[in-house]
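So this block is structure.cif, mmCIF, C-alpha atoms and all ligand atoms:
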```
data_target
#
loop_
_atom_site.label_atom_id
_atom_site.label_comp_id
_atom_site.auth_asym_id
_atom_site.auth_seq_id
_atom_site.Cartn_x
_atom_site.Cartn_y
_atom_site.Cartn_z
CA ARG E 181 -17.96 123.34 -135.67
CA ASP E 182 -17.82 126.99 -134.64
CA ILE E 183 -19.48 128.14 -131.44
CA ILE E 184 -21.57 131.28 -131.66
CA LEU E 185 -22.26 133.28 -128.51
CA ILE E 186 -25.54 135.18 -128.59
CA GLY E 187 -26.09 137.60 -125.72
CA ALA E 188 -29.71 138.23 -124.73
CA PRO E 189 -29.68 140.76 -121.88
CA MET E 190 -33.39 140.33 -121.23
CA ASP E 191 -35.32 140.82 -118.03
CA SER E 192 -38.86 140.87 -119.41
CA GLY E 193 -39.82 137.32 -118.41
CA LYS E 194 -40.24 138.06 -114.71
CA ARG E 195 -40.46 140.99 -112.34
CA ARG E 196 -37.19 140.75 -110.46
CA LYS E 197 -34.44 142.62 -112.30
CA GLY E 198 -30.86 141.56 -112.87
CA CYS E 199 -30.75 138.78 -115.48
CA LEU E 200 -29.88 141.40 -118.08
CA MET E 201 -26.40 141.39 -116.56
CA GLY E 202 -26.01 137.69 -117.36
CA PRO E 203 -24.32 137.75 -120.79
CA ASP E 204 -21.51 140.00 -119.62
CA ALA E 205 -21.06 137.97 -116.45
CA TYR E 206 -20.47 134.83 -118.55
CA ARG E 207 -17.95 136.73 -120.63
CA THR E 208 -16.25 138.07 -117.52
CA ALA E 209 -16.08 134.55 -116.09
CA GLY E 210 -14.13 133.49 -119.17
CA LEU E 211 -16.59 131.61 -121.37
CA THR E 212 -14.82 132.45 -124.64
CA GLU E 213 -11.41 131.53 -123.24
CA ALA E 214 -12.71 128.23 -121.84
CA LEU E 215 -14.14 127.19 -125.22
CA THR E 216 -11.19 128.46 -127.22
CA GLY E 217 -9.00 126.39 -124.91
CA LEU E 218 -10.97 123.30 -125.93
CA GLY E 219 -10.08 123.93 -129.56
CA TYR E 220 -13.22 125.67 -130.81
CA ARG E 221 -13.37 128.79 -132.89
CA VAL E 222 -15.67 131.08 -130.92
CA ARG E 223 -17.59 133.90 -132.52
CA ASP E 224 -19.26 136.35 -130.18
CA TRP E 225 -22.19 138.05 -131.85
CA GLY E 226 -22.48 140.48 -128.94
CA ASN E 227 -25.67 141.45 -127.16
CA LEU E 228 -28.99 141.61 -129.00
CA ALA E 229 -31.88 143.98 -128.46
CA PRO E 230 -35.56 143.09 -128.85
CA ALA E 231 -37.19 143.57 -132.26
CA GLU E 232 -39.59 146.47 -132.51
CA HIS E 233 -42.65 145.90 -130.35
CA ALA E 234 -45.75 147.62 -128.99
CA PRO E 235 -45.48 149.43 -125.63
CA ASP E 236 -46.39 147.39 -122.55
CA ASP E 237 -49.16 148.29 -120.15
CA PRO E 238 -47.64 148.25 -116.63
CA GLU E 239 -51.02 147.17 -115.22
CA ALA E 240 -51.41 144.15 -117.51
CA ARG E 241 -51.75 140.69 -115.96
CA ILE E 242 -48.91 139.38 -118.11
CA TYR E 243 -45.67 141.21 -117.32
CA LYS E 244 -44.00 142.82 -120.37
CA HIS E 245 -45.84 140.72 -122.89
CA HIS E 246 -44.94 142.90 -125.89
CA GLU E 247 -41.29 143.29 -125.01
CA THR E 248 -41.07 139.52 -124.67
CA VAL E 249 -42.65 139.14 -128.12
CA GLY E 250 -39.95 141.54 -129.39
CA TRP E 251 -37.21 139.41 -127.83
CA THR E 252 -38.79 136.25 -129.21
CA ASN E 253 -38.82 137.60 -132.76
CA ARG E 254 -35.20 138.76 -132.53
CA LEU E 255 -33.91 135.54 -130.95
CA TRP E 256 -35.90 133.36 -133.33
CA ARG E 257 -34.30 134.90 -136.41
CA THR E 258 -30.83 135.07 -134.87
CA GLY E 259 -31.07 131.46 -133.70
CA GLN E 260 -32.10 130.22 -137.14
CA ASP E 261 -29.25 132.14 -138.70
CA ALA E 262 -26.73 130.86 -136.15
CA MET E 263 -27.75 127.22 -136.65
CA ALA E 264 -26.63 127.44 -140.26
CA LYS E 265 -23.20 128.62 -139.12
CA GLY E 266 -22.35 126.75 -135.96
CA LEU E 267 -23.48 125.78 -132.48
CA PRO E 268 -25.27 128.70 -130.82
CA ILE E 269 -25.02 129.31 -127.09
CA PHE E 270 -27.72 131.72 -125.95
CA LEU E 271 -26.57 133.76 -122.97
CA GLY E 272 -29.50 134.89 -120.83
CA GLY E 273 -31.32 136.70 -119.70
CA ASP E 274 -34.24 135.00 -118.04
CA HIS E 275 -35.86 131.80 -119.27
CA ALA E 276 -38.37 133.62 -121.51
CA LEU E 277 -35.33 133.72 -123.80
CA SER E 278 -36.17 130.13 -124.79
CA LEU E 279 -39.43 131.18 -126.43
CA GLY E 280 -37.20 132.59 -129.15
CA SER E 281 -34.09 130.40 -128.98
CA VAL E 282 -35.99 127.12 -129.10
CA GLY E 283 -38.52 128.59 -131.52
CA GLY E 284 -35.68 129.51 -133.87
CA VAL E 285 -33.62 126.33 -133.67
CA ASN E 286 -36.79 124.24 -134.06
CA ALA E 287 -37.74 126.27 -137.14
CA TYR E 288 -34.29 125.46 -138.51
CA SER E 289 -34.58 121.72 -137.92
CA THR E 290 -38.12 121.78 -139.32
CA GLU E 291 -36.68 123.23 -142.52
CA LYS E 292 -34.00 120.52 -142.56
CA ASN E 293 -36.58 117.86 -141.84
CA GLN E 294 -34.75 116.78 -138.70
CA PRO E 295 -36.65 115.89 -135.52
CA GLN E 296 -36.11 118.38 -132.70
CA PHE E 297 -35.48 117.26 -129.12
CA LEU E 298 -35.36 119.38 -125.99
CA LEU E 299 -33.56 118.70 -122.71
CA TRP E 300 -34.85 121.06 -120.00
CA LEU E 301 -32.67 121.24 -116.87
CA ASP E 302 -34.73 123.15 -114.34
CA ALA E 303 -36.38 123.09 -110.92
CA HIS E 304 -39.55 124.16 -112.75
CA THR E 305 -41.51 122.68 -115.66
CA ASP E 306 -42.07 126.08 -117.36
CA TYR E 307 -45.16 124.49 -118.88
CA HIS E 308 -47.58 127.39 -118.32
CA THR E 309 -49.35 129.33 -121.01
CA PRO E 310 -50.15 133.06 -120.71
CA GLU E 311 -53.64 131.87 -119.73
CA THR E 312 -52.64 129.49 -116.93
CA THR E 313 -49.76 131.41 -115.32
CA ASP E 314 -50.59 132.78 -111.90
CA SER E 315 -47.41 134.85 -111.59
CA GLY E 316 -47.92 136.54 -114.97
CA ASN E 317 -44.23 135.88 -115.64
CA LEU E 318 -43.51 134.53 -119.10
CA HIS E 319 -40.30 132.78 -118.03
CA GLY E 320 -42.65 130.06 -116.78
CA THR E 321 -44.05 129.33 -120.27
CA PRO E 322 -41.45 128.28 -122.89
CA VAL E 323 -41.99 124.49 -122.67
CA GLY E 324 -45.71 125.10 -123.14
CA TYR E 325 -45.04 127.33 -126.13
CA VAL E 326 -42.64 125.10 -128.06
CA THR E 327 -44.77 121.99 -127.54
CA GLY E 328 -47.69 123.79 -129.14
CA ARG E 329 -49.98 124.73 -126.25
CA LYS E 330 -52.67 127.28 -127.07
CA GLY E 331 -52.86 130.81 -125.68
CA PHE E 332 -49.70 132.51 -126.98
CA ALA E 333 -51.41 135.41 -128.74
CA GLY E 334 -48.97 137.80 -130.41
CA PHE E 335 -46.07 135.31 -130.48
CA PRO E 336 -44.83 133.83 -133.76
CA LYS E 337 -46.65 130.69 -134.83
CA ILE E 338 -44.76 127.45 -134.40
CA GLU E 339 -44.99 125.57 -137.69
CA ARG E 340 -44.04 122.19 -136.23
CA PRO E 341 -44.34 122.02 -132.43
CA ILE E 342 -41.84 119.80 -130.63
CA PRO E 343 -43.57 116.47 -129.89
CA GLU E 344 -44.10 115.95 -126.16
CA GLU E 345 -42.20 112.66 -126.23
CA ASN E 346 -39.15 114.56 -127.55
CA VAL E 347 -38.95 116.63 -124.36
CA CYS E 348 -37.12 115.56 -121.20
CA ILE E 349 -37.14 117.64 -118.01
CA LEU E 350 -34.67 116.86 -115.22
CA GLY E 351 -34.41 118.43 -111.78
CA LEU E 352 -38.03 119.20 -110.92
CA ARG E 353 -38.99 120.33 -107.44
CA SER E 354 -41.37 123.25 -107.99
CA VAL E 355 -44.37 122.63 -110.22
CA ASP E 356 -47.49 124.82 -110.06
CA ALA E 357 -50.88 123.10 -109.73
CA ALA E 358 -52.04 124.11 -113.23
CA GLU E 359 -48.79 122.82 -114.70
CA ARG E 360 -48.98 119.52 -112.86
CA GLU E 361 -52.50 118.97 -114.07
CA ALA E 362 -51.67 119.81 -117.68
CA MET E 363 -48.47 117.72 -117.62
CA GLN E 364 -50.34 114.66 -116.46
CA ASP E 365 -51.94 114.17 -119.87
CA THR E 366 -48.69 114.56 -121.81
CA ASN E 367 -45.88 112.29 -122.93
CA ILE E 368 -43.19 114.66 -121.68
CA HIS E 369 -40.43 112.77 -119.85
CA ALA E 370 -40.37 114.59 -116.52
CA TYR E 371 -38.10 113.54 -113.64
CA ASP E 372 -38.36 115.18 -110.26
CA MET E 373 -35.54 115.18 -107.72
CA ARG E 374 -37.02 112.24 -105.88
CA ARG E 375 -36.73 110.02 -108.95
CA ILE E 376 -33.21 111.29 -109.51
CA ASP E 377 -32.40 110.41 -105.88
CA GLU E 378 -33.81 106.94 -106.44
CA THR E 379 -32.31 106.02 -109.80
CA GLY E 380 -29.43 108.43 -110.22
CA ILE E 381 -29.40 111.09 -112.92
CA ALA E 382 -27.46 109.11 -115.52
CA LYS E 383 -30.17 106.54 -116.16
CA PRO E 384 -33.02 108.76 -117.38
CA LEU E 385 -30.58 110.97 -119.29
CA ALA E 386 -28.97 108.01 -121.08
CA ALA E 387 -32.41 106.74 -122.10
CA PHE E 388 -33.31 110.12 -123.52
CA LEU E 389 -30.01 110.61 -125.36
CA ASN E 390 -30.49 107.17 -126.89
CA LYS E 391 -33.85 108.27 -128.22
CA VAL E 392 -32.32 111.37 -129.77
CA LYS E 393 -29.57 109.31 -131.36
CA LYS E 394 -31.94 106.71 -132.82
CA ALA E 395 -34.04 109.48 -134.37
CA ASN E 396 -30.95 111.30 -135.66
CA GLY E 397 -32.40 114.34 -133.94
CA ALA E 398 -31.21 117.83 -133.15
CA LEU E 399 -30.81 118.40 -129.41
CA HIS E 400 -31.36 121.73 -127.72
CA VAL E 401 -30.22 121.89 -124.08
CA SER E 402 -31.72 124.58 -121.85
CA LEU E 403 -29.87 125.01 -118.56
CA ASP E 404 -31.67 127.08 -115.91
CA VAL E 405 -29.40 128.10 -113.01
CA ASP E 406 -32.05 126.87 -110.57
CA PHE E 407 -31.54 123.28 -111.81
CA LEU E 408 -28.53 123.47 -109.50
CA ASP E 409 -28.62 123.48 -105.75
CA PRO E 410 -28.57 127.04 -104.42
CA ALA E 411 -25.73 126.10 -102.07
CA PHE E 412 -23.27 126.59 -104.92
CA ALA E 413 -25.42 128.42 -107.48
CA PRO E 414 -27.20 131.09 -105.45
CA ALA E 415 -27.45 133.80 -108.14
CA VAL E 416 -30.97 133.14 -109.36
CA GLY E 417 -34.26 134.81 -108.45
CA THR E 418 -36.13 131.58 -107.79
CA THR E 419 -33.89 129.41 -105.64
CA VAL E 420 -35.35 126.08 -104.60
CA PRO E 421 -33.39 123.91 -102.15
CA GLY E 422 -32.61 120.31 -103.02
CA GLY E 423 -31.27 120.81 -106.53
CA ALA E 424 -28.69 118.94 -108.56
CA THR E 425 -25.25 118.71 -107.01
CA ILE E 426 -22.23 120.00 -108.82
CA ARG E 427 -21.21 116.44 -109.66
CA GLU E 428 -24.66 115.50 -110.97
CA ALA E 429 -24.64 118.60 -113.15
CA HIS E 430 -21.18 117.88 -114.56
CA LEU E 431 -22.14 114.26 -115.21
CA VAL E 432 -25.14 115.48 -117.21
CA MET E 433 -22.95 117.83 -119.21
CA GLU E 434 -20.24 115.25 -119.82
CA MET E 435 -22.79 112.68 -120.99
CA ILE E 436 -24.26 115.27 -123.35
CA CYS E 437 -20.77 115.84 -124.72
CA ASP E 438 -20.07 112.11 -125.09
CA SER E 439 -23.27 111.72 -127.08
CA GLY E 440 -22.12 114.29 -129.63
CA LEU E 441 -25.77 115.27 -130.06
CA MET E 442 -26.07 118.80 -128.68
CA SER E 443 -26.78 121.30 -131.44
CA SER E 444 -27.68 124.38 -129.34
CA LEU E 445 -27.56 125.51 -125.70
CA ASP E 446 -29.21 128.12 -123.43
CA LEU E 447 -27.60 129.40 -120.23
CA VAL E 448 -30.44 131.18 -118.46
CA GLU E 449 -31.75 132.84 -115.28
CA LEU E 450 -28.35 133.88 -113.94
CA ASN E 451 -28.81 137.06 -111.89
CA PRO E 452 -25.27 138.31 -111.19
CA PHE E 453 -26.65 141.03 -108.93
CA LEU E 454 -27.54 138.36 -106.35
CA ASP E 455 -24.09 136.84 -106.34
CA GLU E 456 -20.84 137.10 -104.52
CA ARG E 457 -17.77 137.39 -106.71
CA GLY E 458 -19.38 135.86 -109.77
CA ARG E 459 -19.29 132.34 -108.40
CA THR E 460 -22.52 131.20 -110.09
CA ALA E 461 -21.39 132.58 -113.47
CA GLN E 462 -18.20 130.58 -113.01
CA VAL E 463 -20.15 127.39 -112.27
CA MET E 464 -22.23 127.91 -115.42
CA VAL E 465 -19.13 128.51 -117.54
CA ASP E 466 -17.54 125.34 -116.15
CA LEU E 467 -20.70 123.37 -116.96
CA ALA E 468 -20.77 124.72 -120.51
CA ALA E 469 -17.13 123.67 -120.86
CA SER E 470 -18.01 120.15 -119.66
CA ALA E 471 -20.81 119.97 -122.24
CA LEU E 472 -18.28 120.85 -124.92
CA GLY E 473 -15.47 118.53 -124.01
CA ARG E 474 -13.59 119.54 -120.89
CA ARG E 475 -12.41 116.46 -118.99
CA VAL E 476 -10.12 115.59 -116.14
CA PHE E 477 -8.80 112.63 -118.14
CA ASP E 478 -9.44 111.72 -121.72
CA ARG E 479 -11.91 108.92 -122.03
CA PRO E 480 -13.07 106.96 -125.03
CA THR E 481 -16.51 108.07 -126.19
CA ARG E 482 -18.98 106.01 -124.30
CA ALA E 483 -21.88 104.25 -125.92
CA PHE E 484 -25.29 104.56 -124.33
CA SER E 485 -27.41 101.51 -123.79
C1 LIG O 1 -43.03 129.79 -112.07
C2 LIG O 1 -41.88 129.76 -113.04
N1 LIG O 1 -43.67 128.51 -111.98
C3 LIG O 1 -44.00 130.83 -112.61
N2 LIG O 1 -40.72 129.73 -112.37
C4 LIG O 1 -39.45 129.66 -112.82
O1 LIG O 1 -43.74 132.00 -112.40
O2 LIG O 1 -44.95 130.45 -113.26
N3 LIG O 1 -39.02 128.97 -113.83
N4 LIG O 1 -38.54 130.31 -112.13
O3 LIG O 1 -37.76 128.65 -114.07
MN MN O 2 -36.84 127.90 -116.08
MN MN O 3 -36.45 127.40 -112.95
MN MN O 4 -46.13 130.11 -110.80
#
```
Any chance you could put this one into structure tokens?
Amino acid sequence: RDIILIGAPMDSGKRRKGCLMGPDAYRTAGLTEALTGLGYRVRDWGNLAPAEHAPDDPEARIYKHHETVGWTNRLWRTGQDAMAKGLPIFLGGDHALSLGSVGGVNAYSTEKNQPQFLLWLDAHTDYHTPETTDSGNLHGTPVGYVTGRKGFAGFPKIERPIPEENVCILGLRSVDAAEREAMQDTNIHAYDMRRIDETGIAKPLAAFLNKVKKANGALHVSLDVDFLDPAFAPAVGTTVPGGATIREAHLVMEMICDSGLMSSLDLVELNPFLDERGRTAQVMVDLAASALGRRVFDRPTRAFS
């Protein structure tokens, strides 16, 4: 299967600037070369621009609402198109990117009558709606959007929302009060760092991957830089201490690869402007390579139980 790189130099999902440098940082860190070295044919579709959109009011409560709608429309269509041709990797850009990437890949699987699953690797739940967000930053809303929460005026309608029980979030350690309350009534599989400390990260992930496999589902993986501990992945606007270690993160990626289930991937929230010598971009490239087959030693594909 070909891999398709889709650059989304977007910064509209939050106020701090710099994520727009992300796609080129991944390229500079050698993403194409890493994947080519694993035997893939890599097609780089370059950097997108938002679809035409209304001008934003700088005083509005929601930051750059219209520009984010423009990005969502562009990414949605591009994602749908890319799914027919290979495995898309969306290069962010902030996490508002996933409004469009997940919207698009889910529209594709809806058309194919395949259940859509979503693995969200993040310190945050991103379960707000434009009505509940207190920051006004839309990067905190994509899980709410794709699971069909109300309040996303102006955004494309999701024909078949992703069922809550098809969503797994790993790495949580910063959840806003409104999100926590709303999450409580859902069937989303959400694991905070404490549970990961207690059980290890492999156990909840294996259970989720098993579910995807049984349902013959499509699996979108959304990797937010802040899933990782800031000690080795500092280039993100919202660092939260106590994140996944580099070994936990690689284990997650290697298990995803072993499962053979991943059909699309986001690399989001990287802000290269906050970094030293591109080290966080390099970590993200190495994790993407692990998700797509890089190993120290060859191992037989492992069955989940
Ligand atoms: C945060 C979202 N809860 C907000 N934060 C981030 O602004 O509503 N998500 N960084 O990844
Ligand atoms: Mn996020
Ligand atoms: Mn986050
Ligand atoms: Mn918030």
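Picture a line from CA of Phe332 in chain E to CA of Val249 in chain E; it runs 9.7 Å.
Atom to atom, CA of Lys292 in chain E and CA of Ser444 in chain E stand 15.2 Å apart.
Atom pair CA of Arg221 in chain E / CA of Ala262 in chain E has a distance of 13.9 Å (rounded to one decimal).
Residue nearest ligand MN 2 (chain O) within the list E:Gly272, E:Gly250, E:Pro235, E:Gly217: E:Gly272 [criterion: smallest interatomic distance, all atoms listed in the file].
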Task: Near-ligand residues for ligand MN 2 (chain O), threshold 8 Å, all atoms listed in the file, as number ranges by chain - done: E: 274-275, 301-306, 319-320, 403-404, 406, 448-449
Centre and edge lengths of an axis-aligned box around all listed atoms of range 447-452 of chain E, with 3 Å added on each side, are to be given in Å to one decimal, as lines of an AutoDock Vina configuration file.
```
center_x = -28.5
center_y = 133.9
center_z = -115.7
size_x = 12.5
size_y = 14.9
size_z = 15.0
```
